[in-house]
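Reproduced below: start_38.pdb, with PDB, C-alpha atoms.
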ATOM      1  CA  MET A 382     -10.890  -9.500 -14.330  1.00  0.00           C
ATOM      2  CA  GLN A 383     -10.704  -5.909 -15.492  1.00  0.00           C
ATOM      3  CA  PRO A 384      -8.468  -3.748 -13.233  1.00  0.00           C
ATOM      4  CA  ILE A 385     -10.434  -0.853 -11.722  1.00  0.00           C
ATOM      5  CA  PHE A 386      -7.980   0.362  -9.071  1.00  0.00           C
ATOM      6  CA  SER A 387      -4.197   0.140  -8.893  1.00  0.00           C
ATOM      7  CA  ASP A 388      -1.841   1.563  -6.293  1.00  0.00           C
ATOM      8  CA  PRO A 389       1.352  -0.484  -6.732  1.00  0.00           C
ATOM      9  CA  THR A 390       3.924  -0.594  -3.987  1.00  0.00           C
ATOM     10  CA  PRO A 391       7.330   0.779  -5.072  1.00  0.00           C
ATOM     11  CA  ARG A 392       9.172  -2.383  -3.990  1.00  0.00           C
ATOM     12  CA  TRP A 393      12.678  -1.051  -4.675  1.00  0.00           C
ATOM     13  CA  VAL A 394      12.469   1.881  -2.217  1.00  0.00           C
ATOM     14  CA  PRO A 395      13.181   0.086   1.089  1.00  0.00           C
ATOM     15  CA  PHE A 396      16.016  -1.940  -0.422  1.00  0.00           C
ATOM     16  CA  ALA A 397      17.665   1.111  -1.985  1.00  0.00           C
ATOM     17  CA  THR A 398      17.317   2.962   1.337  1.00  0.00           C
ATOM     18  CA  ALA A 399      18.835   0.042   3.260  1.00  0.00           C
ATOM     19  CA  GLY A 400      21.701  -0.133   0.750  1.00  0.00           C
ATOM     20  CA  ALA A 401      22.379   3.606   1.074  1.00  0.00           C
ATOM     21  CA  ILE A 402      22.343   3.387   4.885  1.00  0.00           C
ATOM     22  CA  ALA A 403      24.729   0.417   4.819  1.00  0.00           C
ATOM     23  CA  ALA A 404      27.102   2.190   2.419  1.00  0.00           C
ATOM     24  CA  CYS A 405      27.131   5.314   4.621  1.00  0.00           C
ATOM     25  CA  VAL A 406      27.717   3.291   7.792  1.00  0.00           C
ATOM     26  CA  TRP A 407      30.549   1.315   6.233  1.00  0.00           C
ATOM     27  CA  GLY A 408      32.099   4.385   4.576  1.00  0.00           C
ATOM     28  CA  GLY A 409      31.800   6.433   7.772  1.00  0.00           C
ATOM     29  CA  SER A 410      33.369   3.648   9.833  1.00  0.00           C
ATOM     30  CA  VAL A 411      36.325   3.340   7.477  1.00  0.00           C
ATOM     31  CA  TRP A 412      36.631   7.146   7.342  1.00  0.00           C
ATOM     32  CA  GLN A 413      36.875   7.196  11.138  1.00  0.00           C
ATOM     33  CA  GLN A 414      39.831   4.788  10.956  1.00  0.00           C
ATOM     34  CA  MET A 415      37.918   1.745  12.280  1.00  0.00           C
ATOM     35  CA  ASP A 416      39.153  -1.720  11.443  1.00  0.00           C
ATOM     36  CA  ILE A 417      37.825  -2.672   8.006  1.00  0.00           C
ATOM     37  CA  VAL A 418      36.911  -6.205   9.136  1.00  0.00           C
ATOM     38  CA  PHE A 419      34.890  -4.852  12.090  1.00  0.00           C
ATOM     39  CA  ALA A 420      33.218  -2.207   9.906  1.00  0.00           C
ATOM     40  CA  THR A 421      32.262  -4.869   7.342  1.00  0.00           C
ATOM     41  CA  GLN A 422      30.901  -7.274   9.970  1.00  0.00           C
ATOM     42  CA  PHE A 423      28.955  -4.500  11.683  1.00  0.00           C
ATOM     43  CA  THR A 424      27.500  -3.309   8.359  1.00  0.00           C
ATOM     44  CA  LEU A 425      26.500  -6.850   7.338  1.00  0.00           C
ATOM     45  CA  GLY A 426      24.776  -7.348  10.699  1.00  0.00           C
ATOM     46  CA  LEU A 427      22.982  -4.035  10.246  1.00  0.00           C
ATOM     47  CA  MET A 428      21.890  -5.100   6.744  1.00  0.00           C
ATOM     48  CA  VAL A 429      20.411  -8.350   8.080  1.00  0.00           C
ATOM     49  CA  LEU A 430      18.456  -6.422  10.731  1.00  0.00           C
ATOM     50  CA  MET A 431      17.202  -3.918   8.151  1.00  0.00           C
ATOM     51  CA  LEU A 432      16.098  -6.711   5.781  1.00  0.00           C
ATOM     52  CA  ILE A 433      14.186  -8.422   8.596  1.00  0.00           C
ATOM     53  CA  GLY A 434      12.582  -5.061   9.414  1.00  0.00           C
ATOM     54  CA  ILE A 435      11.639  -4.520   5.757  1.00  0.00           C
ATOM     55  CA  LEU A 436      10.016  -7.953   5.538  1.00  0.00           C
ATOM     56  CA  LEU A 437       8.057  -7.476   8.771  1.00  0.00           C
ATOM     57  CA  GLN A 438       7.032  -3.923   7.926  1.00  0.00           C
ATOM     58  CA  GLY A 439       5.794  -4.942   4.487  1.00  0.00           C
ATOM     59  CA  ARG A 440       3.685  -7.763   5.927  1.00  0.00           C
ATOM     60  CA  LEU A 441       2.348  -5.988   9.029  1.00  0.00           C
ATOM     61  CA  PHE A 442       2.014  -2.312   8.100  1.00  0.00           C
ATOM     62  CA  TRP A 443       0.337  -2.800   4.720  1.00  0.00           C
ATOM     63  CA  ARG A 444      -1.705  -5.759   5.844  1.00  0.00           C
ATOM     64  CA  ASP A 445      -4.972  -4.168   4.678  1.00  0.00           C
ATOM     65  CA  GLN A 446      -3.713  -1.856   1.902  1.00  0.00           C
ATOM     66  CA  VAL A 447      -5.141  -2.818  -1.505  1.00  0.00           C
ATOM     67  CA  GLY A 448      -2.540  -2.809  -4.272  1.00  0.00           C
ATOM     68  CA  GLU A 449      -4.892  -3.840  -7.053  1.00  0.00           C
ATOM     69  CA  LEU A 450      -8.650  -4.210  -7.347  1.00  0.00           C
ATOM     70  CA  GLY A 451     -10.341  -5.882 -10.276  1.00  0.00           C
ATOM     71  CA  SER A 452     -13.905  -6.644 -11.288  1.00  0.00           C
ATOM     72  CA  ASP A 453     -15.777  -8.685 -13.851  1.00  0.00           C
ATOM     73  CA  GLY A 454     -19.020  -6.821 -13.238  1.00  0.00           C
ATOM     74  CA  GLY A 455     -20.486  -8.691 -10.266  1.00  0.00           C
ATOM     75  CA  VAL A 456     -17.472 -10.040  -8.400  1.00  0.00           C
ATOM     76  CA  PHE A 457     -14.504  -8.035  -7.130  1.00  0.00           C
ATOM     77  CA  ARG A 458     -10.981  -9.289  -6.374  1.00  0.00           C
ATOM     78  CA  ALA A 459      -8.636  -7.284  -4.151  1.00  0.00           C
ATOM     79  CA  ALA A 460      -4.926  -8.070  -3.805  1.00  0.00           C
ATOM     80  CA  THR A 461      -3.109  -6.488  -0.868  1.00  0.00           C
ATOM     81  CA  SER A 462       0.328  -4.830  -1.020  1.00  0.00           C
ATOM     82  CA  THR A 463       3.603  -6.160   0.386  1.00  0.00           C
ATOM     83  CA  TRP A 464       7.301  -5.366  -0.050  1.00  0.00           C
ATOM     84  CA  VAL A 465       8.247  -8.947  -0.938  1.00  0.00           C
ATOM     85  CA  GLY A 466       6.096 -11.709  -2.357  1.00  0.00           C
ATOM     86  CA  SER A 467       2.386 -11.628  -2.980  1.00  0.00           C
ATOM     87  CA  GLY A 468      -0.197 -10.338  -0.573  1.00  0.00           C
ATOM     88  CA  ARG A 469      -3.604 -11.705   0.332  1.00  0.00           C
ATOM     89  CA  THR A 470      -6.292 -11.995  -2.290  1.00  0.00           C
ATOM     90  CA  VAL A 471      -9.903 -11.432  -1.274  1.00  0.00           C
ATOM     91  CA  GLU A 472     -12.714 -12.164  -3.708  1.00  0.00           C
ATOM     92  CA  PHE A 473     -16.113 -10.719  -2.817  1.00  0.00           C
ATOM     93  CA  ALA A 474     -19.470  -9.531  -4.091  1.00  0.00           C
ATOM     94  CA  PRO A 475     -20.881  -6.076  -3.234  1.00  0.00           C
ATOM     95  CA  HIS A 476     -23.372  -7.520  -0.728  1.00  0.00           C
ATOM     96  CA  GLU A 477     -20.444  -9.055   1.220  1.00  0.00           C
ATOM     97  CA  THR A 478     -18.990  -5.629   2.114  1.00  0.00           C
ATOM     98  CA  SER A 479     -19.652  -3.504   5.215  1.00  0.00           C
ATOM     99  CA  ASP A 480     -18.271  -0.762   7.494  1.00  0.00           C
ATOM    100  CA  TRP A 481     -17.463   1.739   4.738  1.00  0.00           C
ATOM    101  CA  VAL A 482     -15.447   4.786   5.893  1.00  0.00           C
ATOM    102  CA  ALA A 483     -14.000   7.673   3.860  1.00  0.00           C
ATOM    103  CA  ARG A 484     -10.889   9.171   5.474  1.00  0.00           C
ATOM    104  CA  PRO A 485      -9.818  12.707   4.518  1.00  0.00           C
ATOM    105  CA  LYS A 486      -6.257  14.010   4.380  1.00  0.00           C
ATOM    106  CA  SER A 487      -5.197  15.959   7.446  1.00  0.00           C
ATOM    107  CA  GLY A 488      -6.421  19.206   5.823  1.00  0.00           C
ATOM    108  CA  GLY A 489      -9.843  17.653   5.307  1.00  0.00           C
ATOM    109  CA  LYS A 490     -10.384  18.819   1.704  1.00  0.00           C
ATOM    110  CA  GLU A 491      -8.992  15.806  -0.172  1.00  0.00           C
ATOM    111  CA  LEU A 492      -9.749  12.102   0.138  1.00  0.00           C
ATOM    112  CA  SER A 493      -6.945  10.053   1.683  1.00  0.00           C
ATOM    113  CA  SER A 494      -8.464   6.576   1.678  1.00  0.00           C
ATOM    114  CA  VAL A 495     -11.604   4.482   1.739  1.00  0.00           C
ATOM    115  CA  ALA A 496     -11.706   1.619   4.234  1.00  0.00           C
ATOM    116  CA  PHE A 497     -14.207  -1.226   4.284  1.00  0.00           C
ATOM    117  CA  LYS A 498     -14.621  -4.866   5.208  1.00  0.00           C
ATOM    118  CA  ALA A 499     -15.076  -7.608   2.633  1.00  0.00           C
ATOM    119  CA  LYS A 500     -16.066 -11.021   3.943  1.00  0.00           C
ATOM    120  CA  GLY A 501     -15.054  -9.760   7.398  1.00  0.00           C
ATOM    121  CA  GLN A 502     -11.519  -8.789   6.293  1.00  0.00           C
ATOM    122  CA  ALA A 503     -10.451  -5.147   6.557  1.00  0.00           C
ATOM    123  CA  LEU A 504      -9.314  -3.543   3.292  1.00  0.00           C
ATOM    124  CA  GLU A 505      -8.285  -0.001   2.400  1.00  0.00           C
ATOM    125  CA  LEU A 506      -8.015   1.853  -0.922  1.00  0.00           C
ATOM    126  CA  SER A 507      -5.468   4.675  -0.775  1.00  0.00           C
ATOM    127  CA  PHE A 508      -6.318   7.701  -2.919  1.00  0.00           C
ATOM    128  CA  LEU A 509      -3.058   9.548  -2.208  1.00  0.00           C
ATOM    129  CA  SER A 510      -1.315   8.656  -5.488  1.00  0.00           C
ATOM    130  CA  PRO A 511      -2.970   5.728  -7.285  1.00  0.00           C
ATOM    131  CA  ARG A 512      -2.083   4.888 -10.880  1.00  0.00           C
ATOM    132  CA  LEU A 513      -5.555   3.703 -11.874  1.00  0.00           C
ATOM    133  CA  VAL A 514      -8.985   4.620 -10.507  1.00  0.00           C
ATOM    134  CA  ASP A 515     -12.222   3.763 -12.322  1.00  0.00           C
ATOM    135  CA  LEU A 516     -14.745   5.550 -10.099  1.00  0.00           C
ATOM    136  CA  GLN A 517     -17.765   4.222 -11.968  1.00  0.00           C
ATOM    137  CA  ALA A 518     -16.672   0.583 -11.497  1.00  0.00           C
ATOM    138  CA  ILE A 519     -15.576   1.135  -7.870  1.00  0.00           C
ATOM    139  CA  SER A 520     -18.899   2.828  -7.113  1.00  0.00           C
ATOM    140  CA  ALA A 521     -20.662  -0.433  -8.018  1.00  0.00           C
ATOM    141  CA  MET A 522     -19.374  -1.910  -4.756  1.00  0.00           C
ATOM    142  CA  GLN A 523     -21.500   0.506  -2.686  1.00  0.00           C
ATOM    143  CA  PRO A 524     -23.358   3.054  -4.864  1.00  0.00           C
ATOM    144  CA  ILE A 525     -24.963   5.065  -2.038  1.00  0.00           C
ATOM    145  CA  PHE A 526     -21.662   5.386  -0.122  1.00  0.00           C
ATOM    146  CA  PHE A 527     -19.704   6.489  -3.206  1.00  0.00           C
ATOM    147  CA  ALA A 528     -22.400   9.005  -4.162  1.00  0.00           C
ATOM    148  CA  GLY A 529     -21.723  10.653  -0.782  1.00  0.00           C
ATOM    149  CA  VAL A 530     -17.951  10.444  -1.313  1.00  0.00           C
ATOM    150  CA  LYS A 531     -18.246  12.113  -4.731  1.00  0.00           C
ATOM    151  CA  ARG A 532     -20.419  14.841  -3.172  1.00  0.00           C
ATOM    152  CA  ASP A 533     -17.993  15.421  -0.261  1.00  0.00           C
ATOM    153  CA  TYR A 534     -14.858  15.297  -2.454  1.00  0.00           C
ATOM    154  CA  PRO A 535     -15.803  16.889  -5.794  1.00  0.00           C
ATOM    155  CA  GLU A 536     -12.154  16.926  -6.991  1.00  0.00           C
ATOM    156  CA  LEU A 537     -12.111  13.087  -6.932  1.00  0.00           C
ATOM    157  CA  LYS A 538     -11.857  11.861 -10.519  1.00  0.00           C
ATOM    158  CA  SER A 539     -11.087   8.677 -12.433  1.00  0.00           C
ATOM    159  CA  ILE A 540      -7.409   8.197 -13.292  1.00  0.00           C
ATOM    160  CA  GLY A 541      -5.898   6.213 -16.148  1.00  0.00           C
TER     161      GLY A 541
END

Before we go any further, please render this structure as structure tokens.
Amino acid sequence: MQPIFSDPTPRWVPFATAGAIAACVWGGSVWQQMDIVFATQFTLGLMVLMLIGILLQGRLFWRDQVGELGSDGGVFRAATSTWVGSGRTVEFAPHETSDWVARPKSGGKELSSVAFKAKGQALELSFLSPRLVDLQAISAMQPIFFAGVKRDYPELKSIG
């Protein structure tokens, strides 16, 4: 399948943030003259809680966010984003989509995302900072809807 949309999840960000938080907590505890064993145990416990939070957040928050969309002309395959592991894969034809919605950014002048259902499963394409967008190929999913999106958001262009 030819990729037509790609918005990869920066998987390293939550782990780097958790590591920085743990280092600051441990360093601050030692700086405040706390027992090193207690500071280490507390920091390890905090790390476990943050890792559990990262795993849950990656599975629940981005449940419908499409990381990559591909097409071979008539069939589309969407893979959802997660922090760890692989997300869901939904394969669908254009006639199996419904409930198309274009969501603007808070200012209303730029497109934030396009949400739709494919085979009854909610999916969302984020247009905030994608790496690849082939508007002509994406428009094949719902030509009339995307004609309206292109009219409403004239700055929307193919990327990559």

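Shortest separation to Arg458 of chain A among A:Asp445, A:Ile402, A:Ala474, A:Leu436 occurs at residue A:Ala474, atoms counted being all atoms listed in the file.
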
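The space separating atom CA of Leu537 of chain A from atom CA of Leu516 of chain A comes to 8.6 Å.
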
Please provide the set of residues having any atom within 7 Å of segment 421-427 of chain A, restricted to only C-alpha atoms, with same-chain residues fewer than 2 positions apart removed, written as a ChimeraX atom specification.
-> /A:403,406-407,417-419,429-431

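You can rank A:Leu492, A:Pro511, A:Val482, A:Ala420 by their closest distance to Thr390 of chain A using only C-alpha atoms, and at the top of that list sits A:Pro511.
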
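These residues, each with an atom at most 9 Å from (-16.7, -8.8, -6.5) using all atoms listed in the file, are Gly451, Ser452, Asp453, Gly454, Gly455, Val456, Phe457, Arg458, Ala459, Val471, Glu472, Phe473, Ala474, Pro475, His476, Glu477 and Met522 of chain A.
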
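Distance check against Ser510 of chain A using only C-alpha atoms: of A:Gln413, A:Ser539, A:Asp533, A:Lys490, the minimum falls on A:Ser539.
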